[in-house]
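*Asks:* So here's query-v3.cif, just mmCIF, C-alpha atoms:
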data_model
loop_
_atom_site.label_atom_id
_atom_site.label_comp_id
_atom_site.auth_asym_id
_atom_site.auth_seq_id
_atom_site.Cartn_x
_atom_site.Cartn_y
_atom_site.Cartn_z
CA MET A 297 -281.64 176.83 52.84
CA CYS A 298 -278.50 178.79 52.04
CA GLU A 299 -275.54 180.15 53.92
CA PHE A 300 -276.09 183.56 55.55
CA LYS A 301 -272.95 185.16 54.05
CA ASP A 302 -273.13 183.41 50.66
CA PRO A 303 -276.69 182.84 49.34
CA THR A 304 -275.39 180.74 46.41
CA ARG A 305 -274.03 178.11 48.80
CA CYS A 306 -276.70 175.60 49.87
CA LEU A 307 -276.79 174.05 53.34
CA LEU A 308 -280.07 172.17 53.05
CA CYS A 309 -282.02 171.19 49.93
CA LYS A 310 -285.61 170.34 49.10
CA LYS A 311 -286.88 166.77 49.37
CA ASN A 312 -285.13 164.30 47.02
CA LEU A 313 -282.22 166.71 46.50
CA PHE A 314 -278.90 166.34 48.33
CA VAL A 315 -276.27 168.88 49.34
CA PHE A 316 -272.94 168.39 47.60
CA GLU A 317 -270.22 171.06 47.83
CA GLY A 318 -272.83 173.78 48.40
CA LYS A 319 -275.09 172.68 45.54
CA CYS A 320 -278.28 170.67 45.43
CA LEU A 321 -278.01 167.48 43.36
CA ALA A 322 -280.59 164.83 42.50
CA VAL A 323 -277.95 162.07 42.39
CA CYS A 324 -274.67 161.94 44.29
CA PRO A 325 -271.51 161.87 42.12
CA LYS A 326 -269.33 158.76 41.79
CA GLY A 327 -267.49 157.89 45.00
CA TYR A 328 -270.19 159.53 47.15
CA LYS A 329 -273.27 158.19 48.86
CA VAL A 330 -276.40 159.74 50.34
CA ASN A 331 -276.11 160.05 54.11
CA ASN A 332 -278.70 159.02 56.68
CA PRO A 333 -281.12 160.86 57.10
CA PRO A 334 -280.91 161.63 53.34
CA THR A 335 -279.87 165.27 53.19
CA ALA A 336 -276.35 165.35 51.70
CA CYS A 337 -273.73 163.37 49.78
CA ARG A 338 -270.84 161.87 51.74
CA LEU A 339 -267.67 160.05 50.75
CA LEU A 340 -267.84 156.26 50.52
CA ASN A 341 -265.92 154.47 53.30
CA LEU A 342 -264.93 150.91 54.16
CA GLN A 343 -268.20 150.22 55.97
CA ASP A 344 -270.07 150.83 52.71
CA MET A 345 -268.45 147.74 51.26
CA GLY A 346 -270.88 145.72 53.36
CA VAL A 347 -270.29 142.55 55.33
CA ILE A 348 -268.70 139.49 53.77
CA TYR A 349 -270.38 136.57 55.46
CA PHE A 350 -268.23 133.52 56.25
CA PRO A 351 -265.16 134.55 54.19
CA PHE A 352 -263.05 131.56 55.25
CA LEU A 353 -265.80 129.04 54.65
CA THR A 354 -266.45 130.60 51.24
CA MET A 355 -262.77 130.23 50.40
CA ALA A 356 -262.84 126.66 51.71
CA VAL A 357 -265.77 125.86 49.41
CA ILE A 358 -263.90 127.36 46.44
CA ILE A 359 -260.75 125.37 47.26
CA THR A 360 -262.85 122.21 47.64
CA LEU A 361 -264.45 122.80 44.24
CA VAL A 362 -261.01 123.34 42.67
CA CYS A 363 -259.82 120.05 44.20
CA ILE A 364 -262.97 118.22 43.07
CA CYS A 365 -262.36 119.47 39.51
CA GLY A 366 -258.94 117.82 39.71
CA MET A 367 -260.68 114.44 40.00
CA PHE A 368 -261.79 114.78 36.41
CA LYS A 369 -258.21 114.66 35.18
CA LYS A 370 -257.92 110.95 34.63
CA LYS A 371 -255.47 108.51 33.19
CA ALA A 372 -256.20 105.23 31.46
CA VAL A 373 -254.84 102.08 33.11
CA TRP A 374 -255.27 98.34 32.62
CA ARG A 375 -257.05 96.61 35.48
CA GLN A 376 -257.97 92.93 35.32
CA GLY A 377 -257.60 92.96 31.56
CA ARG A 378 -259.81 95.99 31.11
CA ARG A 379 -258.93 99.55 30.24
CA VAL A 380 -260.30 101.89 32.89
CA LYS A 381 -259.88 105.60 33.53
CA VAL A 382 -258.84 106.52 37.05
CA SER A 383 -258.06 109.75 38.82
CA GLU A 384 -254.59 109.86 40.33
CA GLN A 385 -255.43 112.68 42.70
CA ASN A 386 -255.83 112.13 46.45
CA THR A 387 -258.70 114.59 46.68
CA VAL A 388 -259.25 114.44 50.45
CA THR A 389 -255.55 115.07 51.00
CA ALA A 390 -255.59 118.03 48.62
CA ILE A 391 -258.66 119.54 50.33
CA LEU A 392 -257.06 119.12 53.78
CA ALA A 393 -253.88 120.84 52.62
CA GLY A 394 -255.85 123.58 50.88
CA ILE A 395 -258.00 124.55 53.84
CA ALA A 396 -255.15 124.40 56.40
CA PRO A 397 -254.02 128.03 55.91
CA LEU A 398 -257.66 129.12 56.15
CA GLN A 399 -258.02 127.41 59.51
CA PHE A 400 -254.98 129.26 60.85
CA MET A 401 -256.24 132.58 59.48
CA ALA A 402 -259.70 131.93 60.96
CA VAL A 403 -258.14 131.29 64.39
CA CYS A 404 -256.13 134.54 64.12
CA MET A 405 -259.28 136.41 63.15
CA GLN A 406 -261.23 134.81 66.00
CA TRP A 407 -258.47 135.82 68.42
CA ALA A 408 -258.55 139.44 67.21
CA LEU A 409 -262.36 139.66 67.19
CA CYS A 410 -262.64 138.16 70.68
CA PHE A 411 -260.61 141.10 72.00
CA VAL A 412 -262.56 143.62 69.93
CA PHE A 413 -265.86 142.29 71.34
CA LYS A 414 -264.34 141.83 74.82
CA LEU A 415 -264.72 138.04 74.93
CA PHE A 416 -261.48 137.68 76.83
CA VAL A 417 -261.80 134.01 77.84
CA ALA A 418 -262.35 132.89 74.25
CA GLY A 419 -259.61 135.29 73.14
CA VAL A 420 -257.04 133.80 75.51
CA ASN A 421 -258.07 130.26 74.49
CA SER A 422 -257.73 131.20 70.79
CA TYR A 423 -254.28 132.55 71.60
CA PHE A 424 -253.33 129.16 73.08
CA VAL A 425 -254.63 127.42 69.95
CA MET A 426 -252.40 129.67 67.82
CA ILE A 427 -249.42 128.76 70.01
CA PHE A 428 -250.25 125.04 69.67
CA ILE A 429 -250.57 125.39 65.89
CA LEU A 430 -247.20 127.12 65.69
CA CYS A 431 -245.52 124.56 67.99
CA ILE A 432 -246.89 121.55 66.09
CA ASN A 433 -245.93 122.99 62.72
CA LEU A 434 -242.51 124.09 63.87
CA ALA A 435 -241.84 120.65 65.39
CA PHE A 436 -243.02 119.01 62.16
CA LEU A 437 -240.86 121.31 60.06
CA ILE A 438 -237.72 120.61 62.10
CA THR A 439 -238.31 116.84 62.12
CA TYR A 440 -239.11 116.79 58.41
CA CYS A 441 -236.14 118.94 57.38
CA CYS A 442 -233.71 116.95 59.54
CA LYS A 443 -234.97 113.62 58.25
CA PHE A 444 -235.71 114.30 54.59
CA HIS A 445 -233.91 117.49 53.61
CA GLY A 446 -230.66 116.68 55.42
CA ARG A 447 -227.45 115.39 53.84
CA TYR A 448 -224.61 113.34 55.29
CA LEU A 449 -221.08 112.21 54.53
CA PRO A 450 -220.62 108.42 54.23
CA LYS A 451 -218.62 106.77 57.03
CA GLN A 452 -215.75 105.78 54.74
CA LYS A 453 -215.29 109.35 53.45
CA MET A 454 -215.60 110.71 56.97
CA GLN A 455 -212.70 108.48 58.06
CA MET A 456 -210.64 109.74 55.13
CA VAL A 457 -211.32 113.28 56.31
CA LEU A 458 -210.31 112.34 59.86
CA VAL A 459 -206.96 110.88 58.75
CA LYS A 460 -206.55 113.95 56.51
CA GLU A 461 -206.49 112.01 53.25
CA LEU A 462 -209.33 114.22 52.07
CA GLU A 463 -210.23 117.86 52.62
CA MET A 464 -213.58 118.45 54.37
CA SER A 465 -214.68 121.03 51.80
CA GLU A 466 -213.80 118.66 48.96
CA ALA A 467 -215.61 115.79 50.66
CA LYS A 468 -218.70 117.94 51.20
CA LYS A 469 -218.65 119.03 47.60
CA ARG A 470 -218.24 115.57 46.08
CA TYR A 471 -219.45 112.86 48.42
CA MET A 472 -222.42 114.21 50.37
CA LEU A 473 -225.50 111.97 50.18
CA ASN A 474 -229.13 112.74 50.83
CA ASN A 475 -230.66 111.38 54.03
CA ASP A 476 -233.57 110.06 52.03
CA HIS A 477 -232.38 109.00 48.62
CA GLU A 478 -235.65 109.17 46.68
CA PHE A 479 -236.87 112.42 48.22
CA GLY A 480 -233.36 113.83 47.86
CA THR A 481 -233.40 113.17 44.14
CA TRP A 482 -237.00 114.34 43.72
CA TYR A 483 -236.93 117.74 45.44
CA PRO A 484 -234.08 119.40 43.47
CA ARG A 485 -236.27 118.91 40.39
CA HIS A 486 -239.05 120.87 42.13
CA ASP A 487 -236.90 123.39 43.94
CA CYS A 488 -239.32 126.27 43.95
CA TRP A 489 -242.16 124.29 45.48
CA SER A 490 -240.21 122.09 47.86
CA MET A 491 -237.67 124.57 49.25
CA CYS A 492 -239.53 127.89 49.21
CA CYS A 493 -243.24 127.25 49.30
CA ASN A 494 -243.35 124.38 51.70
CA PRO A 495 -240.92 125.01 54.57
CA PHE A 496 -240.89 128.80 54.78
CA LEU A 497 -244.11 130.26 53.46
CA THR A 498 -246.28 127.69 55.17
CA LEU A 499 -244.73 127.84 58.64
CA CYS A 500 -248.12 128.09 60.32
CA CYS A 501 -249.61 125.14 58.47
CA SER A 502 -246.54 123.28 57.18
CA PHE A 503 -247.79 119.97 58.60
CA LYS A 504 -250.97 119.95 56.56
CA CYS A 505 -249.46 121.69 53.53
CA ASN A 506 -246.80 118.99 53.48
CA LYS A 507 -249.57 116.61 52.46
CA MET A 508 -249.52 118.33 49.07
CA TYR A 509 -246.34 116.36 48.41
CA TYR A 510 -248.35 113.17 47.95
CA SER A 511 -251.68 114.71 46.93
CA HIS A 512 -251.08 114.14 43.18
CA PHE A 513 -252.98 117.42 42.75
CA TYR A 514 -254.19 117.57 39.12
CA ALA A 515 -251.69 114.74 38.53
CA LEU A 516 -248.86 117.29 38.45
CA ASP A 517 -245.32 116.00 38.98
CA MET A 518 -244.58 118.56 41.69
CA PHE A 519 -247.21 116.90 43.87
CA LYS A 520 -245.88 113.37 43.40
CA ALA A 521 -243.02 113.14 45.86
CA ARG A 522 -241.40 109.82 46.76
CA TRP A 523 -239.66 108.73 49.92
CA THR A 524 -237.27 105.85 50.51
CA ASP A 525 -238.21 105.72 54.19
CA VAL A 526 -241.92 106.03 53.52
CA SER A 527 -242.87 104.14 56.69
CA PHE A 528 -241.16 106.83 58.83
CA TYR A 529 -243.02 109.53 56.91
CA ARG A 530 -246.31 107.71 57.37
CA LYS A 531 -245.74 107.29 61.13
CA MET A 532 -244.70 110.93 61.40
CA LEU A 533 -247.88 112.09 59.67
CA MET A 534 -249.95 109.83 61.89
CA TRP A 535 -248.52 111.12 65.21
CA PHE A 536 -248.56 114.74 64.14
CA GLY A 537 -252.11 114.22 62.86
CA ILE A 538 -253.23 112.87 66.24
CA ALA A 539 -251.48 115.75 68.05
CA HIS A 540 -253.21 118.21 65.72
CA PHE A 541 -256.62 116.61 66.36
CA LEU A 542 -256.24 116.81 70.13
CA LEU A 543 -254.42 120.11 70.60
CA VAL A 544 -255.91 122.14 67.80
CA ASP A 545 -259.11 120.75 66.32
CA CYS A 546 -260.75 119.41 69.48
CA TYR A 547 -259.65 122.47 71.48
CA LEU A 548 -261.07 124.77 68.80
CA ILE A 549 -264.35 122.86 68.67
CA GLY A 550 -264.55 123.18 72.47
CA ILE A 551 -263.90 126.94 72.42
CA SER A 552 -266.31 127.53 69.55
CA VAL A 553 -269.14 125.49 71.09
CA THR A 554 -268.68 127.11 74.51
CA GLY A 555 -268.44 130.55 72.92
CA MET A 556 -271.55 130.05 70.81
CA LEU A 557 -273.55 128.75 73.80
CA HIS A 558 -272.61 131.78 75.91
CA GLN A 559 -272.96 134.28 73.09
CA ASP A 560 -275.70 136.86 73.46
CA TRP A 561 -277.09 136.65 69.92
CA ASN A 562 -279.21 139.77 70.40
CA MET B 1019 -266.59 131.04 65.98
CA ILE B 1020 -268.96 129.32 63.59
CA GLU B 1021 -266.22 129.34 60.97
CA THR B 1022 -263.50 127.96 63.22
CA PHE B 1023 -265.96 125.36 64.47
CA LEU B 1024 -266.91 124.22 60.97
CA LEU B 1025 -263.32 124.30 59.68
CA SER B 1026 -262.22 122.21 62.68
CA VAL B 1027 -265.06 119.72 62.17
CA ILE B 1028 -264.12 119.45 58.47
CA GLY B 1029 -260.48 119.03 59.52
CA VAL B 1030 -261.33 116.25 61.98
CA VAL B 1031 -263.64 114.38 59.59
CA LEU B 1032 -261.34 114.60 56.56
CA GLY B 1033 -258.23 114.10 58.70
CA THR B 1034 -259.65 110.91 60.23
CA TRP B 1035 -260.63 109.64 56.80
CA GLU B 1036 -257.21 110.51 55.43
CA LEU B 1037 -255.45 108.90 58.40
CA TYR B 1038 -257.45 105.74 57.72
CA LYS B 1039 -256.51 105.83 54.04
CA LEU B 1040 -252.94 107.09 54.55
CA LYS B 1041 -251.38 103.67 54.23
CA ASP B 1042 -253.08 103.06 50.89
CA GLU B 1043 -252.31 106.51 49.57
CA LEU B 1044 -248.62 106.29 50.33
CA ALA B 1045 -248.49 102.70 49.15
CA TYR B 1046 -250.05 103.89 45.89
CA ASN B 1047 -247.42 106.58 45.86
CA GLU B 1048 -244.71 103.95 46.23
CA LYS B 1049 -246.09 101.85 43.36
CA ASP B 1050 -246.56 104.83 41.03
#
Show me the file's structure as structure tokens.

*Replies:*
Amino acid sequence: MCEFKDPTRCLLCKKNLFVFEGKCLAVCPKGYKVNNPPTACRLLNLQDMGVIYFPFLTMAVIITLVCICGMFKKKAVWRQGRRVKVSEQNTVTAILAGIAPLQFMAVCMQWALCFVFKLFVAGVNSYFVMIFILCINLAFLITYCCKFHGRYLPKQKMQMVLVKELEMSEAKKRYMLNNDHEFGTWYPRHDCWSMCCNPFLTLCCSFKCNKMYYSHFYALDMFKARWTDVSFYRKMLMWFGIAHFLLVDCYLIGISVTGMLHQDWN
Amino acid sequence: MIETFLLSVIGVVLGTWELYKLKDELAYNEKD
């Protein structure tokens, strides 16, 4: 079937032929797809990319596999008079740190989709989870930075500054000490990772990403931090871990289970 | 929701395990 004013311009073609720019083609050109019902060629759009099922879980599986591969990097040590090969990596720790950003992204996605599909109760609850995640991570970041990234002036030098035997700027330049000696000497050697990646880029999951510090991931030096006050660090991780379980993980499990039970799957 | 549920369950299981082992891991870290 052709256009009334221009008989060379096709509007409808025979079976198995498709209209494309006024012509009948057997196959659509690149970047085009047959429409439904199959009469013409149309431009490809985002929906043609198809659905990616469980993107965050897929990423989590990939990260887990990467971490598991790290277990195969071993070092030989002497134990009870025998030479054995052991993996230095704390694999569970590395997996936890790796999937933390995915969990935050999944919550954000859940929050957005709940509003798209008009599941307002679940949406509001997801919003609260996001707030809790941000609060916990921000609190962790502040505590961690104050305790382990901070520096101080020794009492003796401070007194010298007070009696004006020493200039404050000079004292700061020459006599400042790290709050935590071992961490303070370790992190300048891994500046990029410790100062940029951890505190700023991982704001929404800094608590779990901080675990990378002691994960010994692939036995790399940048994942082998040391702390003088390791007991404080351990306690800090424990309390923040418990807070995360209760406020984030358990809450999320509750929302997800309730949401799935009330979901109309048809 | 299935994803957040599974990621949270994984987080709880691995987190509990890690919390249980935390002392050893950091002690190992100290010795290293």

*Asks:* Quick one, how far is CA of Val1030 (chain B) from CA of Ala393 (chain A)?

*Replies:*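 About the pair CA of Val1030 (chain B) and CA of Ala393 (chain A): they are 12.8 Å apart.
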
*Asks:* Take every atom of region 1023-1041 of chain B listed in the file, pad by 6 Å on each side, and give me the axis-aligned box centre and edge lengths in Å, one decimal, as lines of an AutoDock Vina configuration file.

*Replies:*
center_x = -259.1
center_y = 114.5
center_z = 59.3
size_x = 27.5
size_y = 33.7
size_z = 22.4

*Asks:* Which residues match the PyMOL selection byres ((chain A) within 8 of (chain B)) in the file above, as a PyMOL selection string?

*Replies:* chain A and resi 350+352-353+386+388-389+392+395+399+402-403+406+510+520-523+526+530+534+537+541+545-546+548-549+552-553+555-556

*Asks:* Residue by residue, what does the PyMOL selection byres ((chain A and resi 536) around 12) grab here? Present the result as JSON, numbers by chain.

*Replies:* {"A": [428, 429, 431, 432, 433, 434, 435, 436, 437, 439, 440, 501, 502, 503, 504, 506, 507, 529, 530, 531, 532, 533, 534, 535, 537, 538, 539, 540, 541, 542, 543, 544], "B": [1033, 1037]}

*Asks:* For the atom pair CA of Asn474 (chain A) and CA of His445 (chain A), what is the interatomic distance in Å to one decimal place?

*Replies:*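 If I compute the distance from CA of Asn474 (chain A) to CA of His445 (chain A), I get 7.3 Å.
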
*Asks:* Please indicate the distance in Å from CA of Pro351 (chain A) to CA of Pro397 (chain A), rounded to one decimal place.

*Replies:*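 Here the two named atoms are 13.0 Å from each other.
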
*Asks:* For the structure shown, which residues end up in the PyMOL selection byres ((chain A and resi 512) around 9)? Put them as an NGL selection string, please?

*Replies:* (:A and (384-387 or 390 or 508-511 or 513-521)) or (:B and (1047))

*Asks:* Which polymer residues, whether protein, DNA or RNA, lie within 6 Å of the coordinate (-257.9, 109.1, 36.3) when you count all atoms listed in the file? List them as a list in words, using the chain letters and numbers from the file.

*Replies:*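 Checked against the point, the hits come out as Lys369, Lys370, Lys371, Lys381, Val382, Ser383 and Glu384 of chain A.
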
*Asks:* Residues of the last selection are to be written out with C-alpha atoms, as a short mmCIF file (atom, residue, chain, number, x, y, z; two decimals), keeping the file's coordinate frame.

*Replies:*
data_model
loop_
_atom_site.label_atom_id
_atom_site.label_comp_id
_atom_site.auth_asym_id
_atom_site.auth_seq_id
_atom_site.Cartn_x
_atom_site.Cartn_y
_atom_site.Cartn_z
CA LYS A 369 -258.21 114.66 35.18
CA LYS A 370 -257.92 110.95 34.63
CA LYS A 371 -255.47 108.51 33.19
CA LYS A 381 -259.88 105.60 33.53
CA VAL A 382 -258.84 106.52 37.05
CA SER A 383 -258.06 109.75 38.82
CA GLU A 384 -254.59 109.86 40.33
#

*Asks:* Determine, counting all atoms listed in the file, every residue of protein, DNA or RNA that lies within 9 Å of (-232.0, 116.8, 55.4) in the file coordinates, then give the result as a JSON list (two decimals) with C-alpha atoms, in the coordinates of the input.

*Replies:*
[["chain", "number", "residue", "atom", "x", "y", "z"],
["A", 440, "TYR", "CA", -239.11, 116.79, 58.41],
["A", 441, "CYS", "CA", -236.14, 118.94, 57.38],
["A", 442, "CYS", "CA", -233.71, 116.95, 59.54],
["A", 443, "LYS", "CA", -234.97, 113.62, 58.25],
["A", 444, "PHE", "CA", -235.71, 114.30, 54.59],
["A", 445, "HIS", "CA", -233.91, 117.49, 53.61],
["A", 446, "GLY", "CA", -230.66, 116.68, 55.42],
["A", 447, "ARG", "CA", -227.45, 115.39, 53.84],
["A", 448, "TYR", "CA", -224.61, 113.34, 55.29],
["A", 474, "ASN", "CA", -229.13, 112.74, 50.83],
["A", 475, "ASN", "CA", -230.66, 111.38, 54.03],
["A", 476, "ASP", "CA", -233.57, 110.06, 52.03],
["A", 480, "GLY", "CA", -233.36, 113.83, 47.86]]
